[in-house]
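run10.txt (compact mmCIF, C-alpha atoms) appears below.
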# COMPACT_ATOMS: atom_id res chain seq x y z
CA MET A 54 0.00 0.00 0.00
CA GLY A 55 1.45 3.37 -0.97
CA GLN A 56 2.33 6.15 1.42
CA PRO A 57 1.86 9.34 -0.67
CA ASP A 58 1.82 11.73 2.28
CA ARG A 59 4.93 10.50 4.03
CA PRO A 60 7.53 13.30 4.29
CA VAL A 61 10.86 12.86 2.50
CA THR A 62 14.10 14.66 3.35
CA ILE A 63 17.01 14.89 0.91
CA LEU A 64 20.34 14.50 2.70
CA ILE A 65 23.47 15.71 0.90
CA PRO A 66 26.91 15.25 2.52
CA ALA A 67 29.41 17.68 1.00
CA TYR A 68 33.18 17.96 1.24
CA ASN A 69 34.92 20.77 -0.68
CA PRO A 70 31.88 21.41 -2.93
CA ASP A 71 31.84 23.54 -6.07
CA GLY A 72 29.30 25.19 -8.32
CA LYS A 73 27.67 21.88 -9.27
CA LEU A 74 26.01 21.76 -5.85
CA LEU A 75 24.58 25.25 -6.35
CA ALA A 76 23.28 24.21 -9.79
CA LEU A 77 21.52 21.20 -8.27
CA LEU A 78 19.81 22.77 -5.25
CA PRO A 79 17.32 25.16 -6.97
CA LYS A 80 16.06 22.35 -9.23
CA LEU A 81 15.86 19.98 -6.30
CA ARG A 82 13.92 22.50 -4.23
CA GLU A 83 11.23 22.56 -6.92
CA LYS A 84 10.47 18.92 -6.14
CA PHE A 85 11.28 18.62 -2.41
CA ASP A 86 10.55 20.91 0.52
CA ARG A 87 13.11 19.44 2.91
CA ILE A 88 16.82 19.41 2.06
CA VAL A 89 19.58 18.97 4.65
CA LEU A 90 23.21 19.70 3.83
CA VAL A 91 26.21 18.47 5.84
CA ASP A 92 29.52 20.33 5.56
CA ASP A 93 32.01 17.59 6.37
CA GLY A 94 34.88 19.84 7.42
CA SER A 95 35.45 21.41 3.99
CA THR A 96 38.78 23.19 3.47
CA SER A 97 37.84 24.68 0.09
CA GLY A 98 34.59 25.82 -1.47
CA ARG A 99 33.29 27.04 1.87
CA GLU A 100 31.72 30.05 0.18
CA ILE A 101 29.28 27.62 -1.42
CA PHE A 102 27.43 26.95 1.84
CA PRO A 103 26.13 30.50 2.49
CA GLN A 104 24.90 30.59 -1.11
CA ALA A 105 23.18 27.23 -0.60
CA ALA A 106 21.42 28.33 2.61
CA PRO A 107 18.24 29.74 0.92
CA TYR A 108 17.52 26.37 -0.68
CA VAL A 109 18.00 24.09 2.33
CA GLU A 110 16.31 23.58 5.66
CA LYS A 111 19.52 23.10 7.62
CA ILE A 112 23.28 23.10 7.16
CA LEU A 113 25.04 20.84 9.65
CA VAL A 114 28.76 21.40 10.12
CA HIS A 115 31.70 19.20 11.08
CA GLU A 116 34.64 21.29 12.27
CA LYS A 117 37.03 18.83 10.63
CA ASN A 118 36.63 16.17 7.98
CA ARG A 119 35.26 12.97 9.53
CA GLY A 120 34.26 11.00 6.44
CA LYS A 121 31.12 10.43 4.40
CA GLY A 122 29.73 7.82 6.78
CA ALA A 123 30.03 10.22 9.73
CA ALA A 124 28.40 13.00 7.68
CA LEU A 125 25.47 10.74 6.82
CA LYS A 126 25.03 9.77 10.46
CA THR A 127 25.01 13.42 11.52
CA GLY A 128 22.23 14.02 9.00
CA PHE A 129 20.30 10.93 10.10
CA SER A 130 20.40 12.10 13.72
CA TYR A 131 18.91 15.47 12.77
CA ILE A 132 16.26 14.04 10.42
CA ALA A 133 15.17 11.27 12.82
CA GLU A 134 13.29 13.79 14.96
CA SER A 135 10.97 14.61 12.06
CA GLY A 136 9.77 11.06 11.32
CA SER A 137 10.76 11.54 7.69
CA ASP A 138 12.06 9.12 5.09
CA VAL A 139 15.55 9.96 3.85
CA ILE A 140 17.11 10.05 0.41
CA THR A 141 20.89 10.43 0.32
CA ALA A 142 22.38 12.11 -2.74
CA ASP A 143 25.86 13.23 -3.77
CA ALA A 144 26.93 16.86 -3.99
CA ASP A 145 28.79 16.56 -7.30
CA GLY A 146 25.81 16.71 -9.65
CA GLN A 147 25.81 13.02 -10.60
CA HIS A 148 22.25 12.56 -9.34
CA THR A 149 19.57 14.49 -11.19
CA PRO A 150 16.40 15.80 -9.49
CA GLU A 151 14.38 13.52 -11.76
CA ASP A 152 16.27 10.42 -10.62
CA ILE A 153 16.00 11.48 -6.98
CA ALA A 154 12.23 11.81 -7.51
CA LYS A 155 12.17 8.23 -8.85
CA VAL A 156 13.71 6.99 -5.61
CA ALA A 157 11.14 9.00 -3.62
CA GLU A 158 8.39 7.31 -5.61
CA GLY A 159 9.87 3.92 -4.77
CA LEU A 160 9.76 4.73 -1.06
CA LYS A 161 5.98 4.95 -1.21
CA THR A 162 5.74 1.16 -1.42
CA GLN A 163 9.16 -0.01 -0.13
CA ARG A 164 8.86 0.12 3.67
CA GLY A 165 11.02 -2.82 4.72
CA GLY A 166 14.14 -2.27 2.65
CA LEU A 167 16.35 0.21 0.83
CA VAL A 168 15.56 1.91 -2.48
CA LEU A 169 18.66 2.25 -4.64
CA GLY A 170 19.22 4.39 -7.71
CA VAL A 171 21.44 2.15 -9.86
CA ARG A 172 23.42 3.13 -12.94
CA ALA A 173 23.71 0.91 -16.01
CA PHE A 174 27.40 1.81 -16.62
CA THR A 175 26.85 2.09 -20.36
CA GLY A 176 28.34 4.65 -22.71
CA LYS A 177 31.37 6.75 -21.77
CA VAL A 178 32.21 5.59 -18.24
CA PRO A 179 35.66 6.09 -16.60
CA PHE A 180 37.58 2.82 -16.55
CA ARG A 181 38.17 2.88 -12.79
CA SER A 182 34.43 3.24 -12.19
CA ARG A 183 33.38 0.52 -14.64
CA PHE A 184 36.07 -1.92 -13.45
CA GLY A 185 35.50 -1.11 -9.77
CA ASN A 186 31.77 -1.67 -10.00
CA THR A 187 32.07 -4.93 -11.93
CA TRP A 188 34.42 -6.75 -9.56
CA THR A 189 32.79 -5.21 -6.48
CA ARG A 190 29.34 -6.34 -7.62
CA TRP A 191 30.38 -9.97 -7.94
CA LEU A 192 32.48 -9.95 -4.80
CA PHE A 193 29.55 -8.41 -2.93
CA PHE A 194 27.27 -11.14 -4.28
CA PHE A 195 29.73 -13.81 -3.10
CA MET A 196 29.77 -12.21 0.36
CA THR A 197 26.04 -11.53 0.82
CA ARG A 198 24.10 -13.37 -1.89
CA LEU A 199 22.60 -10.00 -2.90
CA MET A 200 23.11 -8.92 -6.49
CA ILE A 201 23.35 -5.13 -6.40
CA ASN A 202 23.87 -3.70 -9.89
CA ASP A 203 25.59 -0.55 -8.59
CA THR A 204 27.34 -1.09 -5.25
CA GLN A 205 28.90 2.39 -5.43
CA THR A 206 25.67 4.34 -5.72
CA GLY A 207 25.22 7.22 -3.30
CA LEU A 208 21.56 7.66 -4.25
CA ARG A 209 19.68 5.68 -1.62
CA GLY A 210 16.20 5.85 -0.18
CA ILE A 211 15.86 4.86 3.47
CA PRO A 212 12.39 4.34 5.01
CA PHE A 213 11.99 5.95 8.41
CA GLU A 214 11.31 2.50 9.89
CA LEU A 215 14.93 1.51 9.12
CA LEU A 216 16.64 4.82 9.88
CA ALA A 217 17.68 4.17 13.51
CA HIS A 218 18.98 0.71 12.65
CA ILE A 219 21.01 1.96 9.68
CA ALA A 220 22.41 4.90 11.66
CA ALA A 221 23.84 2.42 14.21
CA ILE A 222 25.90 0.49 11.62
CA PRO A 223 29.66 0.91 12.33
CA GLY A 224 31.87 2.96 10.00
CA ASP A 225 32.68 6.61 9.36
CA ARG A 226 34.01 6.73 5.81
CA TYR A 227 33.20 5.01 2.52
CA GLU A 228 33.18 1.61 4.19
CA TYR A 229 29.95 2.68 5.93
CA GLU A 230 28.05 2.77 2.64
CA MET A 231 29.19 -0.77 1.80
CA ALA A 232 28.27 -1.93 5.31
CA MET A 233 24.82 -0.41 4.81
CA LEU A 234 24.36 -2.47 1.64
CA ALA A 235 25.65 -5.63 3.31
CA ASP A 236 23.18 -5.13 6.16
CA ALA A 237 20.35 -5.12 3.59
CA ARG A 238 20.42 -8.93 3.51
CA ASN A 239 18.79 -8.80 6.98
CA HIS A 240 15.97 -6.47 5.93
CA GLU A 241 12.39 -7.59 5.46
CA GLN A 242 12.54 -6.65 1.77
CA LYS A 243 15.43 -6.89 -0.66
CA PRO A 244 16.68 -3.53 -2.00
CA LEU A 245 14.44 -2.04 -4.68
CA GLN A 246 16.75 -1.11 -7.56
CA ILE A 247 15.61 1.76 -9.78
CA PRO A 248 17.52 2.51 -13.00
CA ILE A 249 18.94 6.04 -13.15
CA GLU A 250 21.02 8.04 -15.59
CA THR A 251 24.76 7.37 -15.67
CA ILE A 252 26.51 10.73 -15.27
CA TYR A 253 30.24 11.27 -14.89
CA ILE A 254 31.47 14.85 -14.80
CA GLU A 255 35.09 15.52 -15.81
CA GLU A 256 35.82 11.74 -15.82
CA ASN A 257 34.73 11.62 -12.17
CA ALA A 258 37.77 13.70 -11.24
CA THR A 259 35.97 15.39 -8.32
CA SER A 260 35.31 12.12 -6.51
CA HIS A 261 36.87 12.02 -3.03
CA PHE A 262 37.03 8.21 -3.13
CA ASN A 263 40.65 7.07 -2.84
CA PRO A 264 40.90 3.87 -4.93
CA ILE A 265 43.57 2.36 -2.65
CA LEU A 266 42.93 3.60 0.88
CA ASP A 267 39.13 3.51 0.70
CA THR A 268 39.09 0.10 -0.97
CA ILE A 269 41.18 -1.18 1.94
CA ARG A 270 38.70 0.37 4.38
CA VAL A 271 35.70 -1.07 2.54
CA TYR A 272 37.12 -4.59 2.36
CA ARG A 273 39.28 -4.53 5.49
CA SER A 274 37.38 -7.33 7.21
CA LEU A 275 37.38 -9.38 3.99
CA PHE A 276 41.14 -8.93 3.57
CA GLN A 277 41.65 -9.95 7.18
CA PHE A 278 39.39 -12.98 6.78
CA CYS A 279 41.32 -14.09 3.71
CA LEU A 280 44.60 -13.58 5.57
CA SER A 281 43.25 -15.64 8.46
CA SER A 282 42.24 -18.40 6.07
CA VAL A 283 45.59 -18.39 4.26
CA LEU A 284 47.59 -18.51 7.49
CA SER A 285 45.39 -21.28 8.87
CA PHE A 286 45.67 -23.13 5.57
CA LEU A 287 49.48 -22.96 5.62
CA LEU A 288 49.66 -23.91 9.28
CA ASP A 289 47.24 -26.80 8.83
CA ASN A 290 49.09 -28.29 5.88
CA ALA A 291 52.50 -27.77 7.47
CA VAL A 292 51.43 -29.73 10.55
CA PHE A 293 49.71 -32.35 8.36
CA ALA A 294 52.83 -32.84 6.20
CA ALA A 295 55.09 -33.02 9.27
CA VAL A 296 52.99 -35.75 10.89
CA VAL A 297 52.69 -37.75 7.65
CA TRP A 298 56.49 -37.45 7.22
CA TYR A 299 56.98 -38.69 10.79
CA PHE A 300 54.91 -41.82 10.08
CA ALA A 301 56.28 -42.36 6.54
CA GLY A 302 59.00 -44.77 7.69
CA LYS A 303 56.80 -46.63 10.14
CA ALA A 304 54.54 -49.61 9.52
CA THR A 305 51.25 -47.83 10.24
CA PRO A 306 48.37 -48.22 7.76
CA ARG A 307 47.72 -45.29 5.44
CA ARG A 308 44.29 -44.57 6.98
CA GLU A 309 45.80 -44.15 10.43
CA ASP A 310 48.54 -41.87 9.06
CA VAL A 311 45.97 -39.59 7.49
CA LEU A 312 43.64 -39.63 10.49
CA ILE A 313 46.34 -38.75 13.03
CA ALA A 314 47.79 -36.07 10.75
CA LEU A 315 44.37 -34.52 10.14
CA VAL A 316 43.52 -34.39 13.85
CA ALA A 317 46.84 -32.79 14.80
CA ALA A 318 46.71 -30.28 11.94
CA ARG A 319 43.11 -29.32 12.66
CA LEU A 320 43.68 -28.85 16.41
CA VAL A 321 46.46 -26.36 15.77
CA SER A 322 45.06 -24.48 12.77
CA SER A 323 41.43 -24.32 13.95
CA ASN A 324 42.28 -22.76 17.30
CA PHE A 325 44.45 -20.23 15.50
CA ASN A 326 41.67 -19.51 12.99
CA PHE A 327 38.96 -19.08 15.62
CA PHE A 328 40.89 -16.65 17.81
CA TYR A 329 42.18 -14.67 14.82
CA ASN A 330 38.65 -14.27 13.46
CA ARG A 331 37.22 -13.50 16.87
CA PHE A 332 39.76 -10.90 17.96
CA VAL A 333 40.97 -9.46 14.65
CA VAL A 334 38.55 -9.97 11.76
CA PHE A 335 35.23 -9.51 13.57
CA TYR A 336 36.47 -7.67 16.65
CA ARG A 337 34.47 -4.77 18.09
CA ARG A 338 35.83 -2.85 21.07
CA ARG A 339 33.07 -3.31 23.66
CA LYS A 340 32.82 -3.57 27.40
CA LEU A 341 33.35 -7.13 28.57
CA THR A 342 30.22 -8.55 30.24
CA ARG A 343 29.18 -11.99 31.45
CA LEU A 344 26.71 -12.25 28.57
CA ARG A 345 29.43 -11.57 26.00
CA VAL A 346 31.74 -14.09 27.65
CA GLN A 347 28.96 -16.70 27.53
CA ARG A 348 28.26 -15.86 23.91
CA GLY A 349 31.97 -16.18 23.07
CA VAL A 350 32.15 -19.60 24.72
CA ARG A 351 29.04 -20.71 22.84
CA ASN A 352 30.53 -19.47 19.55
CA TYR A 353 33.73 -21.38 20.30
CA PHE A 354 31.92 -24.71 20.72
CA THR A 355 29.70 -24.01 17.70
CA TYR A 356 32.83 -23.31 15.70
CA TRP A 357 34.33 -26.62 16.81
CA GLY A 358 31.17 -28.41 15.72
CA LEU A 359 31.80 -26.99 12.26
CA VAL A 360 35.48 -27.98 12.47
CA LEU A 361 34.60 -31.59 13.29
CA ALA A 362 32.05 -31.78 10.49
CA LEU A 363 34.48 -30.38 7.95
CA ALA A 364 37.30 -32.56 9.26
CA ALA A 365 35.15 -35.66 8.82
CA ALA A 366 34.34 -34.59 5.28
CA SER A 367 38.01 -33.83 4.59
CA TYR A 368 39.15 -37.19 5.97
CA ALA A 369 36.57 -39.14 4.01
CA LEU A 370 37.22 -37.34 0.74
CA THR A 371 41.03 -37.30 1.15
CA THR A 372 41.32 -41.03 1.89
CA LEU A 373 38.83 -41.84 -0.86
CA CYS A 374 40.73 -39.82 -3.46
CA ALA A 375 44.13 -41.07 -2.23
CA ALA A 376 42.99 -44.69 -2.57
CA LEU A 377 41.26 -44.02 -5.88
CA PHE A 378 44.39 -42.49 -7.45
CA ASP A 379 46.88 -44.60 -5.42
CA VAL A 380 48.57 -41.57 -3.85
CA ARG A 381 50.99 -42.29 -1.00
CA GLY A 382 53.23 -40.51 1.53
CA VAL A 383 53.61 -36.73 1.65
CA ALA A 384 51.93 -36.47 -1.78
CA ILE A 385 48.61 -37.08 0.01
CA THR A 386 48.92 -33.44 1.12
CA ILE A 387 48.21 -32.36 -2.46
CA VAL A 388 45.00 -34.40 -2.47
CA LYS A 389 43.99 -32.77 0.81
CA ILE A 390 44.61 -29.27 -0.58
CA VAL A 391 42.34 -29.93 -3.56
CA VAL A 392 39.59 -31.35 -1.36
CA GLU A 393 39.71 -28.51 1.14
CA THR A 394 39.63 -25.86 -1.55
CA PHE A 395 36.02 -26.90 -2.11
CA LEU A 396 35.26 -27.24 1.59
CA PHE A 397 36.58 -23.68 2.16
CA LEU A 398 33.55 -22.15 0.47
CA ALA A 399 31.14 -24.07 2.69
CA SER A 400 33.16 -23.12 5.76
CA TYR A 401 33.16 -19.44 4.83
CA PHE A 402 29.39 -19.16 4.41
CA ILE A 403 28.63 -21.07 7.61
CA GLN A 404 31.04 -18.98 9.69
CA LYS A 405 29.76 -15.73 8.24
CA ARG A 406 26.05 -16.47 8.62
CA PHE A 407 25.91 -18.49 11.86
CA ILE A 408 29.07 -18.24 13.97
CA PHE A 409 30.47 -14.72 13.49
CA LYS A 410 27.20 -13.18 12.34

Could I get this structure in the form of structure tokens?
Amino acid sequence: MGQPDRPVTILIPAYNPDGKLLALLPKLREKFDRIVLVDDGSTSGREIFPQAAPYVEKILVHEKNRGKGAALKTGFSYIAESGSDVITADADGQHTPEDIAKVAEGLKTQRGGLVLGVRAFTGKVPFRSRFGNTWTRWLFFFMTRLMINDTQTGLRGIPFELLAHIAAIPGDRYEYEMAMLADARNHEQKPLQIPIETIYIEENATSHFNPILDTIRVYRSLFQFCLSSVLSFLLDNAVFAAVVWYFAGKATPRREDVLIALVAARLVSSNFNFFYNRFVVFYRRRKLTRLRVQRGVRNYFTYWGLVLALAAASYALTTLCAALFDVRGVAITIVKIVVETFLFLASYFIQKRFIFK
């Protein structure tokens, strides 16, 4: 059921704006009564804000640059008091008033999820933007099972019902926008994706997105998770190979060699993996309470349930393949690596969705 009378506020975070913001605001004011601007500690273009004042309801100011995520949260805090839906838009003129109005129209029926203005990336698009969106889209799908056609879009409609929840998501810079999208997998409705015009001004030269530093921020936890997996993988196979080598000159059956080596390797690598993920990858600095200690203990035993299940699968598949192809000695390690490459994907999704959720 539509909600035609629900108020909508346009939120525009701005850092070192130029004349494109002033060109946008009068046209935007023709369609929307409420516009909130956030000056995120601009060091240039500050004369733009007094000129923008007649077109906006409020200009919120950060004394120093805190990042786009922090600017959005400042705007959310101000808008939350009004009970209004929010549409975030960029200050560089890449979102037209007509496209912003399309997102507002989508909010009339989308009450349990985000409304996203997504670009088609056709025509003359800067290489870094086309390439960045392509690999990010598929990586994001692998991480969340949500196919978002434009993961870099700043044009987003947020129903008031979700505003407090979204404002509490961690992050202060560009990683916050990606975290907001990732959180969408928990919403009642999947994001509503509305096609918008693809506009790049001056080859996107005015973008404040740093391709290296901000990519690291956006995917920091993913990088850390991969590092954790690689280190655990190396540790696991090193221990496995050492134990198999130890038994190579003894008269123990092959099955017992593999079983003992797998148990030893998994004890060492799994404990390392759990504590690295718990205190590095998914760590949040919070006050230690009895409830959190109990939850951590429960997660530890749940994790070991997964370890045992995967170890059983690894043992069964490794011994089966070793016997099938008549592989002996340390060479069995190669068979194990191939088997566990497939098991890695299952492990990743289970850890992400159930253990370290």

**Request:** Mind listing whatever residues come within 6 Å of the point (31.4, 17.6, -6.3)? Use only C-alpha atoms, file coordinates, and give them as a ChimeraX atom specification.
**Result:** /A:70-71,144-145,259

Would you save the residues of that selection, restricted to C-alpha atoms, as a PDB file, in the coordinates of the input?
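Full text of result15.pdb as output:
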ATOM      1  CA  PRO A  70      31.880  21.410  -2.930  1.00  0.00           C
ATOM      2  CA  ASP A  71      31.840  23.540  -6.070  1.00  0.00           C
ATOM      3  CA  ALA A 144      26.930  16.860  -3.990  1.00  0.00           C
ATOM      4  CA  ASP A 145      28.790  16.560  -7.300  1.00  0.00           C
ATOM      5  CA  THR A 259      35.970  15.390  -8.320  1.00  0.00           C
TER       6      THR A 259
END

**Item:** One-decimal distance in Å that lies between atom CA of A:Arg87 and atom CA of A:Lys155
**Value:** 16.3 Å

**Request:** Between A:Ala142, A:Ala232, A:Val316, A:Val321, single out the one closest to A:Ser367, counting all atoms listed in the file.
**Result:**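 Closest candidate: A:Val316.
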
**Prompt:** In Å, with one decimal, what is the gap from atom CA of A:Leu288 to atom CA of A:Leu373?
**Reply:** 23.3 Å

**Residue nearest A:Leu320 among A:Asp92, A:Glu151, A:Ala295, A:Val360 (counting all atoms listed in the file)** =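 Closest to A:Leu320 of all the choices is A:Val360.
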
**Request:** Mind giving me the straight-line distance from atom CA of A:Leu167 to atom CA of A:Glu228 in Å, one decimal?
**Result:** 17.2 Å

**Request:** Have a look at A:Val297, A:Val168, A:Ala318, A:Ile140 and name the one nearest to A:Pro248; count only C-alpha atoms.
**Result:**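 Closest residue, counting only C-alpha atoms: A:Val168.
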
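Nearest residue to A:Leu315, choosing from A:Met196, A:Leu398, A:Ala369, A:Ile247 and counting all atoms listed in the file: A:Ala369.
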
**Item:** Non-local contacts of A:Ser130 (10 Å; all atoms listed in the file; under 6 positions in same chain excluded) as a ChimeraX atom specification
**Value:** /A:216-217,220

**Asked** So which residues touch A:Val292 within 12 Å, counting all atoms listed in the file, skipping near sequence neighbours fewer than 5 positions away, as a list in words?
**Response**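 Non-adjacent residues within range: Ser285, Phe286, Leu287, Val297, Trp298, Tyr299, Val311, Ile313, Ala314, Leu315, Val316, Ala317, Ala318, Arg319, Leu320, Val321, Ser322, Ser323, Val383 and Thr386 of chain A.
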
Would you export the selected residues with C-alpha atoms as a compact mmCIF listing (two decimals), in the coordinates of the input, please?
# COMPACT_ATOMS: atom_id res chain seq x y z
CA SER A 285 45.39 -21.28 8.87
CA PHE A 286 45.67 -23.13 5.57
CA LEU A 287 49.48 -22.96 5.62
CA VAL A 297 52.69 -37.75 7.65
CA TRP A 298 56.49 -37.45 7.22
CA TYR A 299 56.98 -38.69 10.79
CA VAL A 311 45.97 -39.59 7.49
CA ILE A 313 46.34 -38.75 13.03
CA ALA A 314 47.79 -36.07 10.75
CA LEU A 315 44.37 -34.52 10.14
CA VAL A 316 43.52 -34.39 13.85
CA ALA A 317 46.84 -32.79 14.80
CA ALA A 318 46.71 -30.28 11.94
CA ARG A 319 43.11 -29.32 12.66
CA LEU A 320 43.68 -28.85 16.41
CA VAL A 321 46.46 -26.36 15.77
CA SER A 322 45.06 -24.48 12.77
CA SER A 323 41.43 -24.32 13.95
CA VAL A 383 53.61 -36.73 1.65
CA THR A 386 48.92 -33.44 1.12

**From A:Gln205, A:Gln404, A:Thr62, A:Ser95, residue lying nearest A:Tyr227 [all atoms listed in the file]** =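 Result for the nearest residue to A:Tyr227: A:Gln205.
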
**Message:** With distances taken over all atoms listed in the file, which residue among A:Val91, A:Gly207, A:Leu169, A:Gln104 lies nearest A:Gln147?
**Reply:**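 The closest residue to A:Gln147 is A:Gly207.
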
**Asked** Contacts of A:Ala173 at 12 Å or less, counting all atoms listed in the file, minus same-chain residues fewer than 5 places along, as a list in words?
**Response**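 Within the cut-off, the hits are Val178, Ser182, Arg183, Asn186, Thr187, Ile201, Asn202, Asp203, Thr204, Gln205, Thr206, Gln246, Ile247, Pro248, Ile249, Glu250, Thr251 and Ile252 of chain A.
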
**Asked** Within 12 Å of A:Ala67, counting all atoms listed in the file, which residues qualify if same-chain residues fewer than 3 places away don't, as a ChimeraX atom specification?
**Response** /A:64,70-75,89-99,101-102,105,112-115,118-125,128,141-146,259-261

Since the input lacks atoms, please generate N, CA and C atoms for stretch 370-392 of chain A and provide them as a compact mmCIF listing (two decimals), keeping the file's coordinate frame.
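Writing the result to part-v1.txt gives the following:
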# COMPACT_ATOMS: atom_id res chain seq x y z
N LEU A 370 36.93 -37.65 2.13
CA LEU A 370 37.22 -37.34 0.74
C LEU A 370 38.71 -37.52 0.42
N THR A 371 39.58 -37.16 1.39
CA THR A 371 41.03 -37.30 1.15
C THR A 371 41.43 -38.76 1.04
N THR A 372 40.96 -39.60 1.96
CA THR A 372 41.32 -41.03 1.89
C THR A 372 40.70 -41.70 0.67
N LEU A 373 39.48 -41.28 0.32
CA LEU A 373 38.83 -41.84 -0.86
C LEU A 373 39.63 -41.51 -2.12
N CYS A 374 40.00 -40.24 -2.27
CA CYS A 374 40.73 -39.82 -3.46
C CYS A 374 42.15 -40.41 -3.48
N ALA A 375 42.78 -40.49 -2.30
CA ALA A 375 44.13 -41.07 -2.23
C ALA A 375 44.12 -42.53 -2.65
N ALA A 376 43.09 -43.28 -2.19
CA ALA A 376 42.99 -44.69 -2.57
C ALA A 376 42.62 -44.83 -4.04
N LEU A 377 41.73 -43.95 -4.50
CA LEU A 377 41.26 -44.02 -5.88
C LEU A 377 42.40 -43.79 -6.88
N PHE A 378 43.29 -42.83 -6.54
CA PHE A 378 44.39 -42.49 -7.45
C PHE A 378 45.73 -43.07 -6.99
N ASP A 379 45.68 -43.93 -5.94
CA ASP A 379 46.88 -44.60 -5.42
C ASP A 379 47.99 -43.60 -5.08
N VAL A 380 47.62 -42.59 -4.29
CA VAL A 380 48.57 -41.57 -3.85
C VAL A 380 49.08 -41.97 -2.47
N ARG A 381 50.41 -41.86 -2.26
CA ARG A 381 50.99 -42.29 -1.00
C ARG A 381 51.92 -41.21 -0.43
N GLY A 382 52.25 -41.37 0.87
CA GLY A 382 53.23 -40.51 1.53
C GLY A 382 52.81 -39.05 1.59
N VAL A 383 53.84 -38.18 1.54
CA VAL A 383 53.61 -36.73 1.65
C VAL A 383 52.75 -36.22 0.50
N ALA A 384 52.73 -36.90 -0.62
CA ALA A 384 51.93 -36.47 -1.78
C ALA A 384 50.43 -36.43 -1.46
N ILE A 385 50.02 -37.13 -0.40
CA ILE A 385 48.61 -37.08 0.01
C ILE A 385 48.22 -35.65 0.37
N THR A 386 49.20 -34.84 0.78
CA THR A 386 48.92 -33.44 1.12
C THR A 386 48.31 -32.70 -0.06
N ILE A 387 48.75 -33.01 -1.27
CA ILE A 387 48.21 -32.36 -2.46
C ILE A 387 46.73 -32.69 -2.63
N VAL A 388 46.40 -33.97 -2.39
CA VAL A 388 45.00 -34.40 -2.47
C VAL A 388 44.16 -33.62 -1.45
N LYS A 389 44.69 -33.49 -0.25
CA LYS A 389 43.99 -32.77 0.81
C LYS A 389 43.76 -31.31 0.43
N ILE A 390 44.74 -30.67 -0.18
CA ILE A 390 44.61 -29.27 -0.58
C ILE A 390 43.48 -29.09 -1.58
N VAL A 391 43.41 -30.01 -2.55
CA VAL A 391 42.34 -29.93 -3.56
C VAL A 391 40.97 -30.10 -2.91
N VAL A 392 40.85 -31.09 -2.04
CA VAL A 392 39.59 -31.35 -1.36
C VAL A 392 39.15 -30.14 -0.53
